[in-house]
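Let me begin by presenting the structure, written as structure tokens, before commenting on it.
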Amino acid sequence: MGILADKNTRVVVQGITGREGMFHSERMLEYGTQVVGGVRPGKGGEWVLDGKVPVFDSVKVAVDATGADCSMIVVPQSAAPDAMLEAADSGVRLIICLTEGIPIQDMMRVRAYLDFKGVQLIGPNCPGLLTPGQTKIGIIPGDIAIPGSIGVVSRSGTLTYEVLAALKQVGLGATTCVGIGGDPVKGLNYIDVLQMFEDDPLTDQVVMIGEIGGSDEEKAAEFISQSMTKPVVSFIAGQSAPPGKRMGHAGAIVEGGEGSAADKIAALKKAGVQMADHPEQIPDLLRK
Amino acid sequence: MGILADKNTRVVVQGITGREGMFHSERMLEYGTQVVGGVRPGKGGEWVLDGKVPVFDSVKVAVDATGADCSMIVVPQSAAPDAMLEAADSGVRLIICLTEGIPIQDMMRVRAYLDFKGVQLIGPNCPGLLTPGQTKIGIIPGDIAIPGSIGVVSRSGTLTYEVLAALKQVGLGATTCVGIGGDPVKGLNYIDVLQMFEDDPLTDQVVMIGEIGGSDEEKAAEFISQSMTKPVVSFIAGQSAPPGKRMGHAGAIVEGGEGSAADKIAALKKAGVQMADHPEQIPDLLRK
Amino acid sequence: MKLHEYISKDIFAKYGVPVPKGEIAATPEEAGKIAKKLGGRVVVKAQVLVGGRGKAGGVKLAADPQEAVEAAKAILGMDIKGLTVSKVLIAPAVEIATEIYLGITNDRTARQPVIIASAAGGVDIEEVAKTNPEKIIRVHVNPLLGVQDYNIRDLAIGIELDRRLWDSFHTITKGLWEAYHNSDATLAEINPLVIDDKGQLLGIDGKMVIDDSALYRHPDFEELRDLSAEEPAEIEARQSDLTYIKLDGEIGCMVNGAGLAMATMDIIKLFGGEPANFLDIGGGANAEKVAAALRIILSDPNVKAVLFNIFGGITRGDEVAKGILEAMDTLKPTVPMVIRLVGTNAAEGRALLAEANMITAETLAEAAQKAVEAAKGSK
Amino acid sequence: MKLHEYISKDIFAKYGVPVPKGEIAATPEEAGKIAKKLGGRVVVKAQVLVGGRGKAGGVKLAADPQEAVEAAKAILGMDIKGLTVSKVLIAPAVEIATEIYLGITNDRTARQPVIIASAAGGVDIEEVAKTNPEKIIRVHVNPLLGVQDYNIRDLAIGIELDRRLWDSFHTITKGLWEAYHNSDATLAEINPLVIDDKGQLLGIDGKMVIDDSALYRHPDFEELRDLSAEEPAEIEARQSDLTYIKLDGEIGCMVNGAGLAMATMDIIKLFGGEPANFLDIGGGANAEKVAAALRIILSDPNVKAVLFNIFGGITRGDEVAKGILEAMDTLKPTVPMVIRLVGTNAAEGRALLAEANMITAETLAEAAQKAVEAAKGSK
């Protein structure tokens, strides 16, 4: 059993009838995920994916009919804020939003409302989560990871696959892999997921994958040094990137530092985290 | 010690420099209430009430300077929603808003925000509270009540004074008297205060004063029958009132019944509440 | 404050709700001209701020301008539940296939706006609410978010609206929400919202009630107030910032606080009298306001006695006494007056009133008994 | 997307922020005409989307129209941090008594908008933030509430603004909030907001950055985009929905996913090479997009080798392979190409590419090493 979701998690897919919705729902069904329903306003009553999945007009109707406790969102950019709010009011406990390009002011409002309702969100603009051998909710390819005792958290997409594949290569598996997404305002953050791994009896070690920008990795470093007993291995992408584009004075005043790779690596090292030079080095740094 | 406030409660008055603000702050000081500061944007630095009370530009500044934990609001109608939100962000735990005439849509937003912040509100459009012998925060005349073991909750103003005076007449006193106000959307409701009295070791009996309109008394009746062990005596004003003005179809659909005195009295009687025919009968119905 | 149908529908139209384009007439001639301009069959509808005008004969169909003139002649001046019709709305007649109910109001229990829809719209909607509550769909709106697209979809799904009409229903519900929200309404209602013979949604009748507390930021509505729908004394009371409701009894009441005012009426009845009015002078009333209140009470010829019940809090006894004395100087009332004055500055007030020829009382029960006796005596 | 000073100030003015009424000129003659029309002393300011134009000589005072012509002549065409000045703003010169900073941005940690004010405004505000952080006042705004009056008072109190200016400061801050909120800005900044010699608040310089993700609902901003501030290849990339940033190295990179793209650049550097670019083809890229990406990479003459690193997820290996083959058909590249293809449909993709003359790799490290070697070999 992984953190956040396992083989009993019942998923509805908002936007199931779209190209991506269909493609990934099919992969999820193949993997064994309980995709119990889809949502597409105006198409309620249809069945998709060879008649395996019923489509509903709203998340509420879908949840009432299927007992779903999780919603995955793959609707277009302009419909995504409404879709998240709808999911939050429907009774699911976990929302995983894959949609990218959601305006930040929309996300601030959505996140405030979700906090108010006590609903957990992963994403937006994220690959979702994978509990190897049990369930995958999102787009992480299922065959690149095997069950194991390593917790993986990342705000990058394909870089995460790289790491999972590298782990599998040497026979290492994961309890859960959570792709939290790289948007400035999102649902679960590193710290939230690190805490879950710390509390999870099946997780022995944690891999945290970060990148330049913002200060989430620095905050995670502080959390690790203060609250974590399990070993953490990390890689930060963007060491070779030129100084990022600036957001005027206010951005610098608010963010403080520049969010450079060097700063993040220094903070994590200070917190006792083992740092990899490149992703394929990570397996060597894990305690075997 | 009463529920909600006692002699240690430290109060700031928002709108202290106005006519009503000055008048009632003075009465409160006379009663022994710790009026530790006032707020009037643009008049910070002045002192009022014979130099006894400092004025601040904002609630936050006032709370930081005085350690106040309660704010009483007597600002004009148009400034009251902002004043409540400001108080909610300032660190006080209790807001008592006397201002009347606040638009209901404003109050719905304010209340939602206060719930989010976990701050308690009494009012608006209420006489406030009185913990006899300890503190009065609001406009209930201090000399009409004595300390005792009766909890009083009311959504009426002067009718409450009537009851307190009638109790005093026969030597009965109150633990706390809470005037929750009669606005359709407000802070504490009957049920919230009844629960506090039920939990308060010093309160032996409860007087609940209601009036026609809405369905708060019916809900209170349900609560009393299910959750209260202490005896409750009640009076409902408006038995002689003609059927109230209607709010179109939607109002009737939402509210269900008409909120008539007869309905309320029947519900309360069914819940085992002793009903008074007029306010001055209440003392006779209390267990001596 | 209630708005007339034609004003409500103008507001809805401003926010994108399709409504039949009608015009307002105050004379049969105007009605005929409008009917001619519109062409075809029209409906002539009394504009009164009360329900049930259809059953009272206040709505008539007219096949041509001449029939419209006749219809307007019949309706203008008509008395509907005590209100005189002074305006009619002339609008194109619509072939109605289906009647839907759509309304927004404030749910005080949920402390949220609620949008209500039903496929069983029309005049019997309240009956539907009682007998077939499952046909009434309610969707709450978080006041910090405002209406969201999924709220509207939940309504459309709930009333099983034809999917081809979802987009149009979305526009209408969003428009109704904006009308409700931007106008500080306590009610914004389209009933019926019809599907016409062309399969289009159309708002046939509209109603809005504006939150009186919010009128200070909507001066435009204040100008629209239809004073013909109110008692002159109630209008005068509002202008003096008093709440006055005329009743049928013989004992005039002046009380501070709505709850105490009602309790005072109740106790008058308990002791065998009948209150002539509800009058709340509010908190902190000054002498001027008290004088206006007494003038309003005494303007009712049924009043045989007046009962003052003032429990001082914000309101000060001495101010009230001054107002009573001023008013008595001007009005020279002939009916007996019973006064009970307690609370803030009551002693000062009583001292001021000592010279006036008034009956005084200590308790509420005593005051009521004395007022009932006085009223009997002065008949 | 950054907006020019003159556009930002136009938006601020629309929301009630007082700004000096200036006009834009593209030639010295126009500048002279505007200066004449304005009368008095004017300031001629380069309109470039980069900071530090003052220190670079891009801002000049002119006492009369002739001086304005000279100033415009000097500034137009000037190179400021790699950007050529094509427009100048001519505005009345203002006598400045005090410089205030006022800006709104998104605090991603607090997940709320934050309004920032300082009495120590002007060009050195970032220095103030470091050396005297107590002079920087931050007030967060709840995103569900929007800015409230007390938020603005907290700012005025915090910067100890003269109370006579509170009302004006309120109007300006509220206007700036509306500009920020209604435009989906990630930054809306007035710096300096000055108190002029008449004691009035006036917004002298303004800056806005619009959230690129929100541009779909602001087509008007898209039209204002200043393409002169961007690399042509970056513009082409954006039009193909790719993210491309030109760098100075010799190994072109095409990767799916920003994190993996950066990791690929990092590992190239780790093995002794230098990346020529950052290029993220995004998720679910199709053949057409891949072809556009390759064209852009090869348009950089510094590129000595290309490294493809594709880890299939949404992106399918076969689609990428097709795109590469198509692009190679057209472009006939002469530089060596190293490809690593794993994940979804990677086998199908590899099969398609088998005939093409490409270097393949299994691991990221291997791919990077081979690319570095290939680039050295092709020099």
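Letters A, B, ... go to the chains of the structure tokens in the order shown; residues in each chain start at 1; ligands are counted from 1 in the same order.
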Each residue of chain D with at least one atom at most 10 Å from chain B should appear once, together with its nearest atom pair and the corresponding distance in Å (one decimal); atoms considered: only C-alpha atoms; ordering: chain, then increasing residue number; output as a tab-separated table.
```
residue	atom	partner	partner_atom	distance
D:Asn142	CA	B:Tyr113	CA	9.4
D:Leu144	CA	B:Tyr113	CA	8.8
D:Leu145	CA	B:Tyr113	CA	8.2
D:Gln148	CA	B:Asp82	CA	6.6
D:Asp149	CA	B:Asp82	CA	6.5
D:Tyr150	CA	B:Glu86	CA	6.0
D:Asn151	CA	B:Glu86	CA	8.0
D:Arg153	CA	B:Ser58	CA	7.6
D:Asp154	CA	B:Ser58	CA	7.1
D:Ala156	CA	B:Asp57	CA	9.9
D:Ile157	CA	B:Asp57	CA	7.3
D:Gly158	CA	B:Val61	CA	10.0
D:Asp162	CA	B:Gly42	CA	9.7
D:Arg163	CA	B:Gly42	CA	6.3
D:Arg164	CA	B:Gly42	CA	9.0
D:Trp166	CA	B:Gly42	CA	8.4
```
Using all heavy atoms, can you export the residues from the last selection as a short mmCIF file (atom, residue, chain, number, x, y, z; two decimals), in the first residue's frame?
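Just written: selection16.cif:
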```cif
data_model
loop_
_atom_site.label_atom_id
_atom_site.label_comp_id
_atom_site.auth_asym_id
_atom_site.auth_seq_id
_atom_site.Cartn_x
_atom_site.Cartn_y
_atom_site.Cartn_z
N ASN D 142 -6.20 38.11 0.50
CA ASN D 142 -6.82 36.80 0.32
C ASN D 142 -7.39 36.72 -1.09
O ASN D 142 -8.18 37.58 -1.49
CB ASN D 142 -7.92 36.60 1.36
CG ASN D 142 -8.51 35.20 1.27
OD1 ASN D 142 -9.23 34.88 0.33
ND2 ASN D 142 -8.18 34.37 2.23
N LEU D 144 -9.64 34.98 -2.40
CA LEU D 144 -11.10 34.85 -2.49
C LEU D 144 -11.80 36.15 -2.14
O LEU D 144 -12.97 36.34 -2.48
CB LEU D 144 -11.61 33.72 -1.59
CG LEU D 144 -11.15 32.31 -1.96
CD1 LEU D 144 -11.65 31.29 -0.95
CD2 LEU D 144 -11.62 31.93 -3.35
N LEU D 145 -11.12 37.04 -1.45
CA LEU D 145 -11.73 38.31 -1.04
C LEU D 145 -11.37 39.45 -1.99
O LEU D 145 -12.17 40.34 -2.24
CB LEU D 145 -11.26 38.72 0.35
CG LEU D 145 -11.88 38.08 1.58
CD1 LEU D 145 -11.26 38.67 2.84
CD2 LEU D 145 -13.39 38.28 1.59
N GLN D 148 -9.02 44.64 0.26
CA GLN D 148 -9.98 45.29 1.15
C GLN D 148 -9.42 46.64 1.60
O GLN D 148 -8.21 46.84 1.59
CB GLN D 148 -10.23 44.41 2.39
CG GLN D 148 -10.80 43.04 2.05
CD GLN D 148 -12.18 43.11 1.44
OE1 GLN D 148 -13.06 43.79 1.95
NE2 GLN D 148 -12.39 42.44 0.32
N ASP D 149 -10.31 47.51 2.03
CA ASP D 149 -9.86 48.84 2.45
C ASP D 149 -8.79 48.76 3.54
O ASP D 149 -7.83 49.53 3.55
CB ASP D 149 -11.06 49.65 2.98
CG ASP D 149 -12.04 49.97 1.86
OD1 ASP D 149 -11.69 49.79 0.69
OD2 ASP D 149 -13.16 50.41 2.17
N TYR D 150 -8.96 47.82 4.47
CA TYR D 150 -7.99 47.77 5.58
C TYR D 150 -6.62 47.31 5.10
O TYR D 150 -5.60 47.67 5.70
CB TYR D 150 -8.51 46.92 6.73
CG TYR D 150 -8.54 45.42 6.49
CD1 TYR D 150 -7.48 44.59 6.88
CD2 TYR D 150 -9.63 44.83 5.90
CE1 TYR D 150 -7.53 43.23 6.67
CE2 TYR D 150 -9.68 43.46 5.68
CZ TYR D 150 -8.63 42.67 6.07
OH TYR D 150 -8.67 41.31 5.86
N ASN D 151 -6.57 46.52 4.02
CA ASN D 151 -5.27 46.15 3.45
C ASN D 151 -4.52 47.42 3.04
O ASN D 151 -3.32 47.54 3.28
CB ASN D 151 -5.45 45.28 2.21
CG ASN D 151 -6.13 43.94 2.46
OD1 ASN D 151 -6.90 43.47 1.64
ND2 ASN D 151 -5.85 43.33 3.60
N ARG D 153 -5.08 50.51 4.09
CA ARG D 153 -4.71 51.31 5.27
C ARG D 153 -3.45 50.75 5.93
O ARG D 153 -2.58 51.50 6.37
CB ARG D 153 -5.86 51.34 6.27
CG ARG D 153 -7.07 52.14 5.81
CD ARG D 153 -7.98 52.50 6.99
NE ARG D 153 -8.53 51.33 7.65
CZ ARG D 153 -9.68 50.73 7.33
NH1 ARG D 153 -10.41 51.20 6.33
NH2 ARG D 153 -10.10 49.68 8.00
N ASP D 154 -3.36 49.40 5.99
CA ASP D 154 -2.16 48.79 6.59
C ASP D 154 -0.90 49.22 5.85
O ASP D 154 0.15 49.43 6.47
CB ASP D 154 -2.29 47.26 6.58
CG ASP D 154 -3.22 46.74 7.68
OD1 ASP D 154 -3.59 47.54 8.57
OD2 ASP D 154 -3.58 45.55 7.64
N ALA D 156 -0.55 52.12 4.09
CA ALA D 156 -0.34 53.55 4.35
C ALA D 156 0.26 53.76 5.74
O ALA D 156 1.16 54.57 5.93
CB ALA D 156 -1.67 54.30 4.21
N ILE D 157 -0.26 52.98 6.71
CA ILE D 157 0.28 53.07 8.07
C ILE D 157 1.73 52.61 8.08
O ILE D 157 2.60 53.25 8.66
CB ILE D 157 -0.57 52.20 9.04
CG1 ILE D 157 -1.99 52.75 9.17
CG2 ILE D 157 0.11 52.10 10.41
CD1 ILE D 157 -2.98 51.77 9.81
N GLY D 158 1.97 51.50 7.38
CA GLY D 158 3.31 50.89 7.38
C GLY D 158 4.37 51.81 6.82
O GLY D 158 5.49 51.87 7.35
N ASP D 162 1.86 60.45 4.91
CA ASP D 162 1.13 61.64 5.37
C ASP D 162 -0.37 61.37 5.25
O ASP D 162 -0.88 61.00 4.20
CB ASP D 162 1.52 62.82 4.48
CG ASP D 162 0.91 64.14 4.96
OD1 ASP D 162 -0.12 64.11 5.65
OD2 ASP D 162 1.50 65.18 4.62
N ARG D 163 -1.12 61.55 6.36
CA ARG D 163 -2.55 61.21 6.36
C ARG D 163 -3.36 61.97 5.32
O ARG D 163 -4.38 61.49 4.87
CB ARG D 163 -3.14 61.45 7.75
CG ARG D 163 -2.76 60.35 8.71
CD ARG D 163 -3.15 60.68 10.13
NE ARG D 163 -2.66 59.61 11.00
CZ ARG D 163 -2.66 59.66 12.31
NH1 ARG D 163 -3.14 60.73 12.92
NH2 ARG D 163 -2.21 58.66 13.02
N ARG D 164 -2.88 63.16 4.94
CA ARG D 164 -3.63 63.91 3.92
C ARG D 164 -3.61 63.19 2.58
O ARG D 164 -4.42 63.46 1.71
CB ARG D 164 -3.03 65.31 3.77
CG ARG D 164 -3.42 66.25 4.91
CD ARG D 164 -2.57 67.49 4.88
NE ARG D 164 -1.16 67.14 5.07
CZ ARG D 164 -0.17 68.03 5.17
NH1 ARG D 164 -0.44 69.33 5.06
NH2 ARG D 164 1.07 67.65 5.36
N TRP D 166 -3.85 59.79 2.33
CA TRP D 166 -4.43 58.45 2.45
C TRP D 166 -5.52 58.19 1.40
O TRP D 166 -5.57 57.12 0.81
CB TRP D 166 -5.01 58.23 3.87
CG TRP D 166 -3.97 57.85 4.87
CD1 TRP D 166 -2.63 58.09 4.76
CD2 TRP D 166 -4.17 57.17 6.11
NE1 TRP D 166 -1.98 57.61 5.89
CE2 TRP D 166 -2.90 57.04 6.73
CE3 TRP D 166 -5.28 56.68 6.78
CZ2 TRP D 166 -2.73 56.42 7.97
CZ3 TRP D 166 -5.11 56.06 8.01
CH2 TRP D 166 -3.84 55.94 8.61
#
```
TODO: Return as a list in words the residues belonging to chain A that are within 10 Å of chain B, counting only C-alpha atoms.
DONE: Ala112, Tyr113, Asp115, Phe116 and Lys117 of chain A
Task: Cα RMSD of chain D after least-squares fit onto chain C, all atoms paired in order - done: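 Least-squares fit of chain D onto chain C, C-alpha RMSD 0.1 Å.
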Could you name the residues that touch Lys2 in chain C at 8 Å or less, counting only C-alpha atoms, but leaving out those on the same chain fewer than 5 positions away, as a PDB file with N, CA, C and O atoms, in the first residue's frame?
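Final output, saved to out.pdb:
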```pdb
ATOM      1  N   LEU C  49     -47.101  45.296  -7.310  1.00  0.00           N
ATOM      2  CA  LEU C  49     -46.099  44.621  -6.485  1.00  0.00           C
ATOM      3  C   LEU C  49     -46.750  43.596  -5.565  1.00  0.00           C
ATOM      4  O   LEU C  49     -46.574  43.625  -4.345  1.00  0.00           O
ATOM      5  N   LYS C 207     -39.038  38.916 -11.416  1.00  0.00           N
ATOM      6  CA  LYS C 207     -39.278  39.576 -10.141  1.00  0.00           C
ATOM      7  C   LYS C 207     -37.949  39.787  -9.438  1.00  0.00           C
ATOM      8  O   LYS C 207     -37.092  38.900  -9.423  1.00  0.00           O
ATOM      9  N   MET C 208     -37.773  40.963  -8.866  1.00  0.00           N
ATOM     10  CA  MET C 208     -36.582  41.191  -8.047  1.00  0.00           C
ATOM     11  C   MET C 208     -36.986  41.883  -6.749  1.00  0.00           C
ATOM     12  O   MET C 208     -37.870  42.738  -6.739  1.00  0.00           O
ATOM     13  N   VAL C 209     -36.311  41.490  -5.678  1.00  0.00           N
ATOM     14  CA  VAL C 209     -36.447  42.189  -4.405  1.00  0.00           C
ATOM     15  C   VAL C 209     -35.045  42.616  -4.011  1.00  0.00           C
ATOM     16  O   VAL C 209     -34.119  41.804  -4.017  1.00  0.00           O
ATOM     17  N   ILE C 210     -34.902  43.908  -3.719  1.00  0.00           N
ATOM     18  CA  ILE C 210     -33.585  44.442  -3.376  1.00  0.00           C
ATOM     19  C   ILE C 210     -33.468  44.521  -1.858  1.00  0.00           C
ATOM     20  O   ILE C 210     -34.409  44.890  -1.156  1.00  0.00           O
TER      21      ILE C 210
END
```
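Taking only C-alpha atoms, the non-local environment of range 20-22 of chain A within 10 Å (same-chain residues fewer than 4 positions away omitted) comprises Val13, Gln14, Gly15, Ile16, Glu26, Arg27, Met28, Gly38, Val48, Leu49, Met72, Ile73, Val74, Val75, Gly138 and Ile139 of chain A; Gly284 and Ile314 of chain D.
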Open item on the list: Considering only C-alpha atoms, can you say which of D:Glu230, D:Glu178, D:Lys246, D:Pro143 comes closest to chain C?
Closed with: D:Pro143
Task: All residues 7 Å or closer to Ala261 in chain C, only C-alpha atoms, same chain fewer than 5 positions away omitted, as a list in words - done: Val255, Asn256, Phe278, Leu279 and Asp280 of chain C
Keeping only N, CA, C and O atoms, write those residues as a short mmCIF file (atom, residue, chain, number, x, y, z; two decimals), in the first residue's frame.
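This is the output file again.cif:
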```
data_model
loop_
_atom_site.label_atom_id
_atom_site.label_comp_id
_atom_site.auth_asym_id
_atom_site.auth_seq_id
_atom_site.Cartn_x
_atom_site.Cartn_y
_atom_site.Cartn_z
N VAL C 255 -42.50 51.79 20.51
CA VAL C 255 -41.57 50.97 21.28
C VAL C 255 -40.19 51.07 20.64
O VAL C 255 -40.08 51.30 19.44
N ASN C 256 -39.15 50.93 21.45
CA ASN C 256 -37.82 50.87 20.85
C ASN C 256 -37.35 49.42 20.79
O ASN C 256 -37.29 48.72 21.80
N PHE C 278 -47.55 48.30 14.50
CA PHE C 278 -46.22 47.94 14.95
C PHE C 278 -45.38 49.18 14.69
O PHE C 278 -45.43 49.74 13.60
N LEU C 279 -44.65 49.66 15.69
CA LEU C 279 -43.77 50.81 15.44
C LEU C 279 -42.50 50.67 16.28
O LEU C 279 -42.56 50.63 17.51
N ASP C 280 -41.41 50.58 15.56
CA ASP C 280 -40.10 50.47 16.21
C ASP C 280 -39.34 51.77 15.94
O ASP C 280 -39.08 52.10 14.78
#
```
Could you pull the residues within 7 Å of range 213-228 of chain C, counting only C-alpha atoms, minus those fewer than 5 positions along the same chain, as a PDB file with N, CA, C and O atoms, in the first residue's frame?
```
ATOM      1  N   GLY B 101     -27.943  47.187   9.700  1.00  0.00           N
ATOM      2  CA  GLY B 101     -28.148  47.564   8.300  1.00  0.00           C
ATOM      3  C   GLY B 101     -27.054  47.096   7.367  1.00  0.00           C
ATOM      4  O   GLY B 101     -26.795  47.716   6.332  1.00  0.00           O
ATOM      5  N   ILE B 102     -26.377  45.997   7.680  1.00  0.00           N
ATOM      6  CA  ILE B 102     -25.346  45.491   6.780  1.00  0.00           C
ATOM      7  C   ILE B 102     -26.014  44.607   5.727  1.00  0.00           C
ATOM      8  O   ILE B 102     -26.745  43.684   6.064  1.00  0.00           O
ATOM      9  N   PRO B 103     -25.760  44.881   4.446  1.00  0.00           N
ATOM     10  CA  PRO B 103     -26.377  44.065   3.393  1.00  0.00           C
ATOM     11  C   PRO B 103     -26.087  42.579   3.583  1.00  0.00           C
ATOM     12  O   PRO B 103     -24.978  42.197   3.962  1.00  0.00           O
TER      13      PRO B 103
ATOM     14  N   ASP C 184     -27.496  43.650  -5.347  1.00  0.00           N
ATOM     15  CA  ASP C 184     -27.744  43.354  -3.935  1.00  0.00           C
ATOM     16  C   ASP C 184     -29.177  42.870  -3.734  1.00  0.00           C
ATOM     17  O   ASP C 184     -29.884  43.326  -2.826  1.00  0.00           O
TER      18      ASP C 184
END
```
Task: Contacts of range 92-94 of chain A within 6 Å, only C-alpha atoms, excl. fewer than 5 positions in-chain, as a ChimeraX atom specification - done: /A:69-70,119-121
TODO: May I ask for the distance between CA of Ser25 in chain A and CA of Gly67 in chain A, given in Å to one decimal place?
DONE: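 Atom-to-atom, CA of Ser25 in chain A to CA of Gly67 in chain A, that is 17.7 Å.
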- [ ] Counting only C-alpha atoms, figure out which residue out of D:Ala185, D:Ile7, D:Ala327, D:Ala71 gets nearest to Asp211 in chain D.
- [x]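 Distance minimum relative to Asp211 in chain D lands on D:Ala185.
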